[in-house]
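What follows is final35.cif (mmCIF, C-alpha atoms and all ligand atoms).
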```
data_start
#
loop_
_atom_site.label_atom_id
_atom_site.label_comp_id
_atom_site.auth_asym_id
_atom_site.auth_seq_id
_atom_site.Cartn_x
_atom_site.Cartn_y
_atom_site.Cartn_z
CA MET A 14 0.00 0.00 0.00
CA ASP A 15 1.46 3.40 -0.88
CA ALA A 16 1.16 6.73 0.92
CA ASN A 17 -1.66 7.93 -1.34
CA ASP A 18 -3.85 5.04 -0.28
CA GLU A 19 -3.20 5.82 3.34
CA LEU A 20 -4.34 9.41 2.91
CA LYS A 21 -7.77 8.44 1.64
CA PRO A 22 -10.36 9.57 4.16
CA TYR A 23 -12.78 6.66 4.11
CA ARG A 24 -10.89 3.99 6.02
CA ASN A 25 -12.55 3.13 9.30
CA CYS A 26 -11.21 2.92 12.82
CA GLY A 27 -9.97 -0.57 13.66
CA ILE A 28 -11.65 -0.70 17.07
CA GLN A 29 -14.50 -3.19 17.00
CA GLY A 30 -17.88 -1.49 16.95
CA CYS A 31 -16.47 1.93 16.07
CA ASN A 32 -17.64 3.26 12.71
CA ASP A 33 -15.71 6.52 12.70
CA SER A 34 -13.16 7.33 10.01
CA ALA A 35 -9.59 6.59 10.92
CA LEU A 36 -7.11 9.44 11.14
CA PRO A 37 -4.88 9.65 8.08
CA LEU A 38 -1.67 7.64 8.45
CA SER A 39 -2.72 6.13 11.76
CA GLU A 40 -1.21 2.68 12.22
CA PRO A 41 -3.06 0.69 13.46
CA LEU A 42 -6.11 2.53 12.07
CA ARG A 43 -7.63 4.66 14.79
CA CYS A 44 -10.19 7.45 14.90
CA TYR A 45 -10.05 10.73 16.84
CA ASN A 46 -11.41 9.07 19.97
CA HIS A 47 -9.31 5.93 19.87
CA ILE A 48 -5.84 7.10 18.88
CA GLU A 49 -3.43 5.94 21.59
CA ASP A 50 -0.34 8.01 20.97
CA PRO A 51 -1.20 11.39 19.39
CA ASP A 52 2.43 12.59 19.50
CA LYS A 53 3.69 9.59 17.58
CA TRP A 54 0.85 9.84 15.10
CA PHE A 55 1.42 13.53 14.37
CA ASP A 56 5.18 13.08 14.16
CA ASN A 57 4.58 10.36 11.60
CA VAL A 58 2.24 12.63 9.60
CA LEU A 59 4.88 15.34 9.49
CA SER A 60 7.71 13.07 8.46
CA THR A 61 5.56 11.51 5.75
CA THR A 62 3.92 14.60 4.34
CA VAL A 63 6.49 17.34 4.86
CA THR A 64 9.91 16.77 3.39
CA PRO A 65 12.44 19.49 2.57
CA ASP A 66 11.80 19.12 -1.16
CA SER A 67 8.05 18.78 -0.84
CA GLN A 68 6.37 21.30 -3.12
CA GLU A 69 2.97 19.82 -3.28
CA VAL A 70 0.16 21.99 -2.02
CA THR A 71 -1.93 18.99 -1.05
CA ARG A 72 0.74 17.63 1.24
CA GLY A 73 1.07 21.02 2.95
CA SER A 74 -2.70 21.21 3.40
CA ILE A 75 -2.84 17.75 4.92
CA ALA A 76 -0.09 18.67 7.34
CA ARG A 77 -1.89 21.86 8.37
CA LEU A 78 -5.23 20.13 8.84
CA THR A 79 -3.71 17.33 10.87
CA HIS A 80 -1.83 19.91 12.94
CA ASP A 81 -5.15 21.48 14.03
CA LEU A 82 -6.57 18.04 14.63
CA TYR A 83 -3.55 17.09 16.73
CA ARG A 84 -3.91 20.15 18.97
CA ASN A 85 -7.57 19.40 19.57
CA LEU A 86 -6.87 15.73 20.05
CA LEU A 87 -4.59 16.39 23.01
CA LEU A 88 -7.40 18.23 24.76
CA ASN A 89 -10.02 15.64 23.83
CA ASN A 90 -10.41 14.22 27.33
CA PRO A 91 -12.33 15.30 30.45
CA LEU A 92 -9.29 16.93 32.03
CA GLY A 93 -8.31 18.82 28.88
CA GLN A 94 -11.90 19.96 28.43
CA ASP A 95 -12.06 21.24 32.01
CA LEU A 96 -8.91 23.32 31.58
CA TYR A 97 -10.03 24.53 28.17
CA SER A 98 -13.50 25.61 29.30
CA ASP A 99 -12.14 27.36 32.39
CA TYR A 100 -9.91 29.45 30.15
CA LYS A 101 -12.62 29.95 27.52
CA SER A 102 -15.17 31.18 30.05
CA ARG A 103 -12.71 33.83 31.20
CA ILE A 104 -11.78 35.15 27.78
CA ASN A 105 -15.43 35.32 26.75
CA ASN A 106 -16.00 37.77 29.55
CA GLY A 107 -12.89 39.79 28.93
CA ASN A 108 -10.85 41.24 26.14
CA ASN A 109 -7.46 40.01 24.96
CA ALA A 110 -8.86 37.92 22.14
CA ALA A 111 -5.62 38.44 20.20
CA TYR A 112 -3.77 35.40 21.51
CA SER A 113 -6.90 33.62 22.70
CA PHE A 114 -6.22 30.40 20.86
CA SER A 115 -2.73 30.63 19.52
CA ASP A 116 -0.46 27.58 19.45
CA VAL A 117 1.20 28.67 22.68
CA VAL A 118 -2.15 28.73 24.47
CA TYR A 119 -2.91 25.20 23.30
CA PHE A 120 0.56 24.19 24.38
CA VAL A 121 0.23 25.50 27.96
CA LEU A 122 -3.20 23.85 28.31
CA ILE A 123 -1.73 20.56 27.13
CA ALA A 124 1.34 20.91 29.37
CA ALA A 125 -0.92 21.60 32.36
CA SER A 126 -2.93 18.48 31.67
CA SER A 127 0.30 16.42 31.54
CA GLY A 128 1.32 17.99 34.85
CA ILE A 129 -1.99 17.16 36.51
CA ILE A 130 -1.96 13.56 35.27
CA GLY A 131 1.62 13.14 36.55
CA ASN A 132 0.71 14.80 39.88
CA PHE A 133 3.21 17.64 39.51
CA ALA A 134 3.02 20.93 41.35
CA TYR A 135 1.80 23.95 39.38
CA ASP A 136 5.26 25.54 39.60
CA ALA A 137 7.03 22.39 38.38
CA VAL A 138 5.06 22.63 35.13
CA LYS A 139 5.82 26.33 34.92
CA LYS A 140 9.56 25.66 35.22
CA SER A 141 9.44 23.04 32.50
CA ILE A 142 7.58 25.38 30.19
CA LYS A 143 10.04 28.21 30.75
CA LYS A 144 12.96 25.97 29.80
CA LEU A 145 11.34 25.49 26.41
CA ALA A 146 10.88 29.13 25.60
CA MET A 147 13.37 28.84 22.73
CA ASN A 148 12.62 31.82 20.50
CA ASN A 149 10.11 33.22 22.93
CA ASP A 150 10.84 35.24 26.02
CA PRO A 151 10.65 32.97 29.13
CA ALA A 152 8.82 35.70 31.05
CA GLU A 153 6.26 35.95 28.28
CA ILE A 154 5.52 32.24 28.17
CA GLU A 155 5.32 32.21 31.98
CA ALA A 156 2.77 35.04 31.87
CA ILE A 157 0.70 33.19 29.29
CA TYR A 158 0.75 30.03 31.42
CA GLU A 159 -0.42 31.95 34.49
CA LYS A 160 -3.17 33.65 32.55
CA VAL A 161 -4.43 30.57 30.73
CA VAL A 162 -4.12 28.04 33.56
CA ARG A 163 -5.22 29.46 36.91
CA GLU A 164 -3.30 27.99 39.84
CA THR A 165 -6.50 27.46 41.86
CA LYS A 166 -8.12 25.58 38.95
CA TYR A 167 -4.97 23.52 38.43
CA GLU A 168 -4.84 22.55 42.10
CA GLU A 169 -8.54 21.75 42.22
CA LEU A 170 -8.17 19.35 39.29
CA ARG A 171 -4.90 17.85 40.54
CA VAL A 172 -6.45 16.98 43.90
CA GLN A 173 -9.45 15.52 42.09
CA TYR A 174 -7.16 13.21 40.10
CA HIS A 175 -4.81 12.45 43.00
CA PRO A 176 -6.88 12.55 46.19
CA ASP A 177 -4.22 11.01 48.45
CA GLY A 178 -0.77 12.23 49.20
CA SER A 179 1.23 15.19 48.14
CA CYS A 180 2.39 16.23 44.71
CA ILE A 181 5.79 16.14 43.01
CA ILE A 182 7.52 19.47 43.59
CA GLU A 183 10.33 19.26 41.06
CA SER A 184 9.96 18.62 37.38
CA THR A 185 11.44 15.33 36.16
CA SER A 186 13.20 14.51 32.93
CA GLN A 187 10.18 12.47 31.88
CA LEU A 188 7.81 15.42 32.28
CA GLN A 189 10.35 17.67 30.61
CA MET A 190 10.62 15.34 27.64
CA GLU A 191 6.88 14.95 27.23
CA ILE A 192 6.36 18.69 27.37
CA GLN A 193 9.24 19.29 24.99
CA THR A 194 7.88 16.88 22.39
CA ARG A 195 4.51 18.56 22.56
CA TYR A 196 5.99 22.02 22.35
CA ARG A 197 7.78 21.05 19.16
CA LEU A 198 4.68 19.48 17.66
CA VAL A 199 2.04 21.95 18.83
CA THR A 200 4.03 24.99 17.73
CA TRP A 201 5.02 23.34 14.48
CA LYS A 202 4.65 25.60 11.44
CA HIS A 203 4.27 24.55 7.88
CA PRO A 204 7.10 26.12 5.83
CA ASP A 205 4.55 27.99 3.67
CA CYS A 206 2.49 29.16 6.56
CA ASN A 207 3.13 32.47 8.29
CA HIS A 208 0.33 32.45 10.84
CA LYS A 209 1.24 32.91 14.50
ZN ZN B 301 -12.72 4.64 16.82
#
```

Could you quickly redo this structure as structure tokens?
Amino acid sequence: MDANDELKPYRNCGIQGCNDSALPLSEPLRCYNHIEDPDKWFDNVLSTTVTPDSQEVTRGSIARLTHDLYRNLLLNNPLGQDLYSDYKSRINNGNNAAYSFSDVVYFVLIAASSGIIGNFAYDAVKKSIKKLAMNNDPAEIEAIYEKVVRETKYEELRVQYHPDGSCIIESTSQLQMEIQTRYRLVTWKHPDCNHK
């Protein structure tokens, strides 16, 4: 089977009883709700569809569409939805729509949900995020994190997911690596695409 076959949209999810379309290039075939490793899937999409000499508009479009899908996929769980709607309810009442849903906002929401699942302190996630600032100003990304993910909301959810015991104060290399992979993928830009 060649790559063109794999990009056809009509193949179904391989989970028994699920009739949804599989995500392009998912292996095994999995739909939006059943994909097990979104990072691996999106990485695979990029390496297959975007090569340095790739000129084809269709391949660029597929990569852009799957990029949006990937971002949403990472928040497609009860925890992600809680964080997302907490942020959304606050921007609906305020101003600052400019960066409302930029890649960085998605990234901090996703990083926070990794932190909560791993039972990390709010500040441990913040430190990990700041290390990844790369081209951005660390103070700027810290400010976005604090604005998008309220500490009280974070703590409320963390305690809900980890009712006993205390949390992990320091970031670990595992958390750092997970956050780093997602930073790279979530903030990925198609070479032809200038949007922020
Ligand atoms: Zn499915």

Could you tell me, counting only C-alpha atoms and all ligand atoms, which protein and nucleic acid residues lie no more than 7 Å from ligand ZN 301 (chain B), written as an MDAnalysis selection string? chainID A and resid 26:28 31:33 35 43:47

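Across A:Val161, A:Ile130, A:Leu86, A:Leu42, the tightest approach to Ser115 (chain A) is made by A:Val161 when counting all atoms listed in the file.
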
Counting all atoms listed in the file, which of A:Phe133, A:Arg163, A:Arg195, A:Ala125 gets nearest to His175 (chain A)?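 Between A:Phe133, A:Arg163, A:Arg195, A:Ala125, the residue approaching His175 (chain A) most closely is A:Phe133.
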
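For the choices A:Gln193, A:Ser186, A:Asn85, A:Thr200, the atom-to-atom distance to Asp116 (chain A) is smallest for A:Thr200 when using only C-alpha atoms.
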
When distances are computed from all atoms listed in the file, which of A:Ser179, A:Glu168, A:Gly30, A:Val199 shows the smallest separation from Pro51 (chain A)?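 Once distances to Pro51 (chain A) are computed over all atoms listed in the file, the minimum belongs to A:Val199.
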